[in-house]
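Structure file structure-v3.tsv with TSV, C-alpha atoms:
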```
chain	number	residue	atom	x	y	z
A	1	MET	CA	2.15	-15.27	-10.53
A	2	LYS	CA	-1.30	-16.63	-9.90
A	3	ILE	CA	-4.87	-15.44	-9.56
A	4	ILE	CA	-7.02	-16.66	-6.68
A	5	ASP	CA	-10.81	-16.36	-6.49
A	6	THR	CA	-12.33	-15.03	-3.27
A	7	PRO	CA	-15.71	-16.08	-1.81
A	8	ILE	CA	-17.24	-13.05	-3.57
A	9	SER	CA	-17.89	-13.54	-7.30
A	10	GLY	CA	-15.57	-11.43	-9.46
A	11	LEU	CA	-13.29	-10.30	-6.63
A	12	LYS	CA	-9.83	-11.78	-7.09
A	13	ILE	CA	-6.41	-11.81	-5.47
A	14	PHE	CA	-3.37	-11.56	-7.72
A	15	GLU	CA	-0.27	-13.07	-6.08
A	16	LEU	CA	2.88	-11.51	-7.45
A	17	LYS	CA	6.22	-13.18	-7.94
A	18	ILE	CA	8.84	-11.43	-5.83
A	19	PHE	CA	12.44	-11.54	-7.04
A	20	GLU	CA	14.79	-10.92	-4.15
A	21	ASP	CA	18.57	-10.84	-3.90
A	22	SER	CA	21.30	-8.96	-2.05
A	23	ARG	CA	20.28	-5.69	-3.77
A	24	GLY	CA	16.66	-5.85	-2.62
A	25	LYS	CA	13.44	-6.77	-4.42
A	26	PHE	CA	11.97	-6.57	-7.90
A	27	ILE	CA	8.21	-7.05	-8.33
A	28	LYS	CA	6.17	-6.93	-11.53
A	29	THR	CA	2.74	-5.54	-10.60
A	30	PHE	CA	0.98	-5.72	-13.98
A	31	ASN	CA	1.23	-8.03	-16.99
A	32	ASP	CA	-1.44	-7.62	-19.67
A	33	ASP	CA	-0.64	-10.96	-21.35
A	34	PHE	CA	-0.96	-12.85	-18.04
A	35	PHE	CA	-4.32	-11.23	-17.31
A	36	LYS	CA	-5.65	-12.01	-20.80
A	37	GLN	CA	-4.52	-15.64	-20.46
A	38	ASN	CA	-6.61	-15.74	-17.25
A	39	GLY	CA	-9.72	-14.23	-18.84
A	40	LEU	CA	-9.25	-10.70	-17.51
A	41	GLU	CA	-9.38	-7.76	-19.91
A	42	ILE	CA	-7.87	-4.89	-17.94
A	43	ASP	CA	-7.34	-1.63	-19.82
A	44	ILE	CA	-5.71	0.71	-17.30
A	45	LYS	CA	-6.63	4.39	-17.78
A	46	GLU	CA	-5.38	5.96	-14.55
A	47	SER	CA	-2.94	5.18	-11.75
A	48	TYR	CA	-2.28	6.96	-8.47
A	49	TYR	CA	-1.20	6.36	-4.89
A	50	SER	CA	-1.90	7.54	-1.37
A	51	ILE	CA	0.39	7.80	1.62
A	52	SER	CA	-1.33	7.35	4.98
A	53	HIS	CA	-0.46	7.57	8.63
A	54	LYS	CA	-1.27	4.69	10.97
A	55	ASP	CA	-4.97	4.31	11.78
A	56	VAL	CA	-6.18	6.29	8.77
A	57	ILE	CA	-9.39	4.90	7.27
A	58	ARG	CA	-10.09	5.72	3.62
A	59	GLY	CA	-13.34	4.62	2.04
A	60	MET	CA	-15.70	3.24	1.06
A	61	HIS	CA	-15.26	4.58	-2.50
A	62	PHE	CA	-16.54	3.75	-5.99
A	63	GLN	CA	-17.59	5.47	-9.20
A	64	THR	CA	-21.11	5.15	-10.60
A	65	PRO	CA	-21.98	4.20	-14.20
A	66	PRO	CA	-21.01	5.05	-16.84
A	67	PHE	CA	-17.64	5.73	-15.16
A	68	GLU	CA	-17.51	2.59	-12.99
A	69	HIS	CA	-14.15	0.87	-12.99
A	70	LEU	CA	-12.19	-2.22	-12.23
A	71	LYS	CA	-9.43	-1.37	-9.77
A	72	LEU	CA	-6.11	-3.04	-8.95
A	73	VAL	CA	-4.90	-2.18	-5.43
A	74	TYR	CA	-1.56	-3.00	-3.85
A	75	VAL	CA	0.83	-1.69	-1.21
A	76	THR	CA	4.45	-0.82	-2.00
A	77	TYR	CA	5.41	0.24	1.53
A	78	GLY	CA	3.67	-0.39	4.84
A	79	LYS	CA	0.57	-2.43	5.54
A	80	ILE	CA	-3.23	-2.11	5.34
A	81	ILE	CA	-6.41	-4.01	5.99
A	82	ASP	CA	-8.15	-3.70	2.63
A	83	VAL	CA	-11.95	-3.89	2.66
A	84	VAL	CA	-14.28	-4.50	-0.28
A	85	LEU	CA	-18.10	-4.42	-0.12
A	86	ASP	CA	-20.33	-6.02	-2.78
A	87	ILE	CA	-22.93	-3.43	-3.85
A	88	ARG	CA	-24.31	-5.29	-6.90
A	89	LYS	CA	-28.10	-5.69	-6.61
A	90	GLY	CA	-29.04	-9.35	-7.18
A	91	SER	CA	-25.59	-10.65	-6.27
A	92	PRO	CA	-25.64	-13.68	-3.95
A	93	THR	CA	-23.09	-11.78	-1.83
A	94	TYR	CA	-24.77	-8.34	-1.94
A	95	GLY	CA	-23.90	-6.47	1.26
A	96	LYS	CA	-21.11	-8.90	2.16
A	97	ASN	CA	-17.59	-7.67	2.67
A	98	PHE	CA	-14.18	-9.19	2.13
A	99	SER	CA	-11.01	-8.04	3.83
A	100	MET	CA	-7.37	-8.99	3.72
A	101	GLU	CA	-3.97	-7.63	4.58
A	102	LEU	CA	-1.99	-6.06	1.76
A	103	SER	CA	1.59	-5.06	2.45
A	104	GLY	CA	4.86	-4.14	0.85
A	105	GLN	CA	6.06	-7.57	1.95
A	106	ASN	CA	3.33	-10.01	0.90
A	107	GLY	CA	3.13	-9.33	-2.86
A	108	LYS	CA	-0.66	-9.44	-3.12
A	109	VAL	CA	-2.91	-7.32	-5.30
A	110	LEU	CA	-6.69	-7.09	-5.05
A	111	ILE	CA	-8.52	-7.08	-8.38
A	112	ILE	CA	-11.75	-5.25	-7.58
A	113	PRO	CA	-14.38	-5.26	-10.36
A	114	GLU	CA	-17.16	-2.78	-11.00
A	115	GLY	CA	-19.95	-2.82	-8.44
A	116	PHE	CA	-17.82	-2.87	-5.30
A	117	ALA	CA	-17.08	-0.19	-2.71
A	118	HIS	CA	-13.47	-0.10	-1.59
A	119	GLY	CA	-11.62	1.19	1.45
A	120	PHE	CA	-8.78	0.43	3.81
A	121	LYS	CA	-7.24	1.10	7.21
A	122	SER	CA	-3.52	1.83	7.37
A	123	LEU	CA	-1.70	-0.31	9.92
A	124	GLU	CA	1.62	1.58	9.78
A	125	ASP	CA	2.81	5.14	9.30
A	126	ASN	CA	3.77	6.17	5.76
A	127	THR	CA	1.86	3.32	4.12
A	128	ASN	CA	1.85	3.72	0.34
A	129	VAL	CA	-1.20	2.28	-1.47
A	130	THR	CA	-1.24	2.19	-5.30
A	131	TYR	CA	-4.45	2.11	-7.35
A	132	MET	CA	-4.69	1.31	-11.07
A	133	GLN	CA	-8.13	1.89	-12.63
A	134	THR	CA	-9.89	1.21	-15.93
A	135	THR	CA	-11.59	4.65	-16.03
A	136	CYS	CA	-10.38	8.11	-15.13
A	137	TYR	CA	-11.65	10.01	-12.14
A	138	ALA	CA	-15.10	11.48	-12.84
A	139	PRO	CA	-16.05	13.96	-10.09
A	140	ASN	CA	-19.79	13.79	-10.83
A	141	ASN	CA	-19.71	9.98	-10.49
A	142	ASP	CA	-17.52	9.83	-7.40
A	143	ALA	CA	-19.49	8.17	-4.61
A	144	GLY	CA	-19.17	6.20	-1.41
A	145	ILE	CA	-20.79	4.39	1.48
A	146	LYS	CA	-20.15	5.32	5.10
A	147	TYR	CA	-17.30	3.19	6.40
A	148	ASP	CA	-19.05	2.08	9.61
A	149	SER	CA	-22.52	1.30	8.21
A	150	PHE	CA	-22.16	-2.23	6.81
A	151	GLY	CA	-21.03	-4.29	9.77
A	152	PHE	CA	-17.25	-4.36	9.30
A	153	ASP	CA	-15.18	-4.08	12.49
A	154	TRP	CA	-12.25	-1.80	11.69
A	155	GLY	CA	-10.63	-2.75	15.02
A	156	CYS	CA	-9.59	0.81	15.65
A	157	PRO	CA	-10.93	2.84	18.60
A	158	SER	CA	-8.98	5.93	17.53
A	159	TYR	CA	-8.78	6.66	13.80
A	160	LYS	CA	-8.45	9.47	11.28
A	161	ILE	CA	-11.00	9.86	8.46
A	162	SER	CA	-11.83	12.68	6.06
A	163	ASP	CA	-15.00	14.73	6.54
A	164	ARG	CA	-16.05	13.60	3.05
A	165	ASP	CA	-15.73	9.89	3.88
A	166	ASP	CA	-17.48	10.38	7.22
A	167	ALA	CA	-20.45	12.04	5.47
A	168	PHE	CA	-21.17	9.27	2.94
A	169	GLU	CA	-24.64	7.72	2.95
A	170	ILE	CA	-25.15	4.68	5.19
A	171	PHE	CA	-25.42	1.30	3.49
A	172	ASP	CA	-29.07	0.65	4.51
A	173	LYS	CA	-30.17	3.86	2.74
A	174	PHE	CA	-27.98	3.31	-0.34
A	175	ASN	CA	-29.77	2.71	-3.68
A	176	THR	CA	-27.24	0.92	-5.85
A	177	PRO	CA	-26.88	1.61	-9.57
A	178	PHE	CA	-25.04	-1.72	-10.01
A	179	ILE	CA	-26.90	-4.87	-11.12
A	180	PHE	CA	-25.19	-8.25	-10.75
A	181	GLY	CA	-24.39	-9.63	-14.20
A	182	GLU	CA	-24.99	-6.32	-15.98
A	183	ASN	CA	-22.17	-4.02	-14.93
A	184	SER	CA	-19.97	-6.68	-13.35
```
Starting from the file, give its structure as structure tokens.
Amino acid sequence: MKIIDTPISGLKIFELKIFEDSRGKFIKTFNDDFFKQNGLEIDIKESYYSISHKDVIRGMHFQTPPFEHLKLVYVTYGKIIDVVLDIRKGSPTYGKNFSMELSGQNGKVLIIPEGFAHGFKSLEDNTNVTYMQTTCYAPNNDAGIKYDSFGFDWGCPSYKISDRDDAFEIFDKFNTPFIFGENS
């Protein structure tokens, strides 16, 4: 297992060790001791998953303070393009996005800290995405940014998105509650 920094401060990739034999695969997705040894205090409070059809876009989601959270995201089956947007005022990468493929095959986990909006596009039917978070869902702090308002090319002329996600505020009008160095 190893942790890799991305070009965006605080956003990390966790590469899992995959044990494979004639029976199939075994993958450890979380190890508190390993994270602590690498300077990451991750106290998981909630875990859930989604199953999406091909060309579903979900995002760009986050929770506002005081219920902001660090999120671990990985795929157990299928494949996605995972997209993260830095929404921390004062960050040198404010408004920049990072994307990568996560799949049931590649053994990668995104470690997304507070102050980032998160979303993805499913590349295959029945894609299963797991989320582990450091706070529980807080409906009054549930927020988002419109998926097509920050310059990311989803590469998908025909897609499915929820009415809720399609109605989020556009990035240029968004007033962030996150301050780089304070809640990150």
Report as JSON, numbers by chain all protein, DNA and RNA residues lying within 9 Å of Ala143 in chain A, evaluated on only C-alpha atoms, omitting residues in the same chain fewer than 6 positions from it. {"A": [60, 61, 62, 63, 64, 117, 168]}
A:Ser99, A:Thr93, A:Ser9, A:Ser50: which is nearest His118 in chain A, counting only C-alpha atoms?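 Under the stated criterion, the closest residue is A:Ser99.
The nearest approach to His53 in chain A among the residues A:Leu70, A:Ala167, A:Val83, A:Val129, with all atoms listed in the file taken into account, belongs to A:Val129.
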Residue contacts of Asn97 in chain A (9 Å, all atoms listed in the file) excluding same-chain residues fewer than 3 positions away, as a ChimeraX atom specification: /A:8,83-86,93-94,150-152
Selection: 9 Å around Leu11 in chain A, all atoms listed in the file, excl. self and same-chain fewer than 4 positions, as a list of chain:residue names: A:Ile4, A:Asp5, A:Thr6, A:Pro7, A:Val84, A:Phe98, A:Leu110, A:Ile111, A:Ile112, A:Pro113, A:Phe116
Considering only C-alpha atoms, can you say which of A:Met132, A:Gly115, A:Arg164, A:Asn126 comes closest to Glu182 in chain A? A:Gly115
For each of A:Lys28, A:Lys108, A:Lys96, A:Lys17, take the minimum atom-to-atom distance to Ser149 in chain A, counting all atoms listed in the file, then give the residue where this is smallest.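 So, comparing all the options, the nearest one is A:Lys96.
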Among the residues A:Ile27, A:Ile170, A:Val56, A:Cys136, the one that comes closest to Thr76 in chain A [using only C-alpha atoms]: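 Between A:Ile27, A:Ile170, A:Val56, A:Cys136, the residue approaching Thr76 in chain A most closely is A:Ile27.
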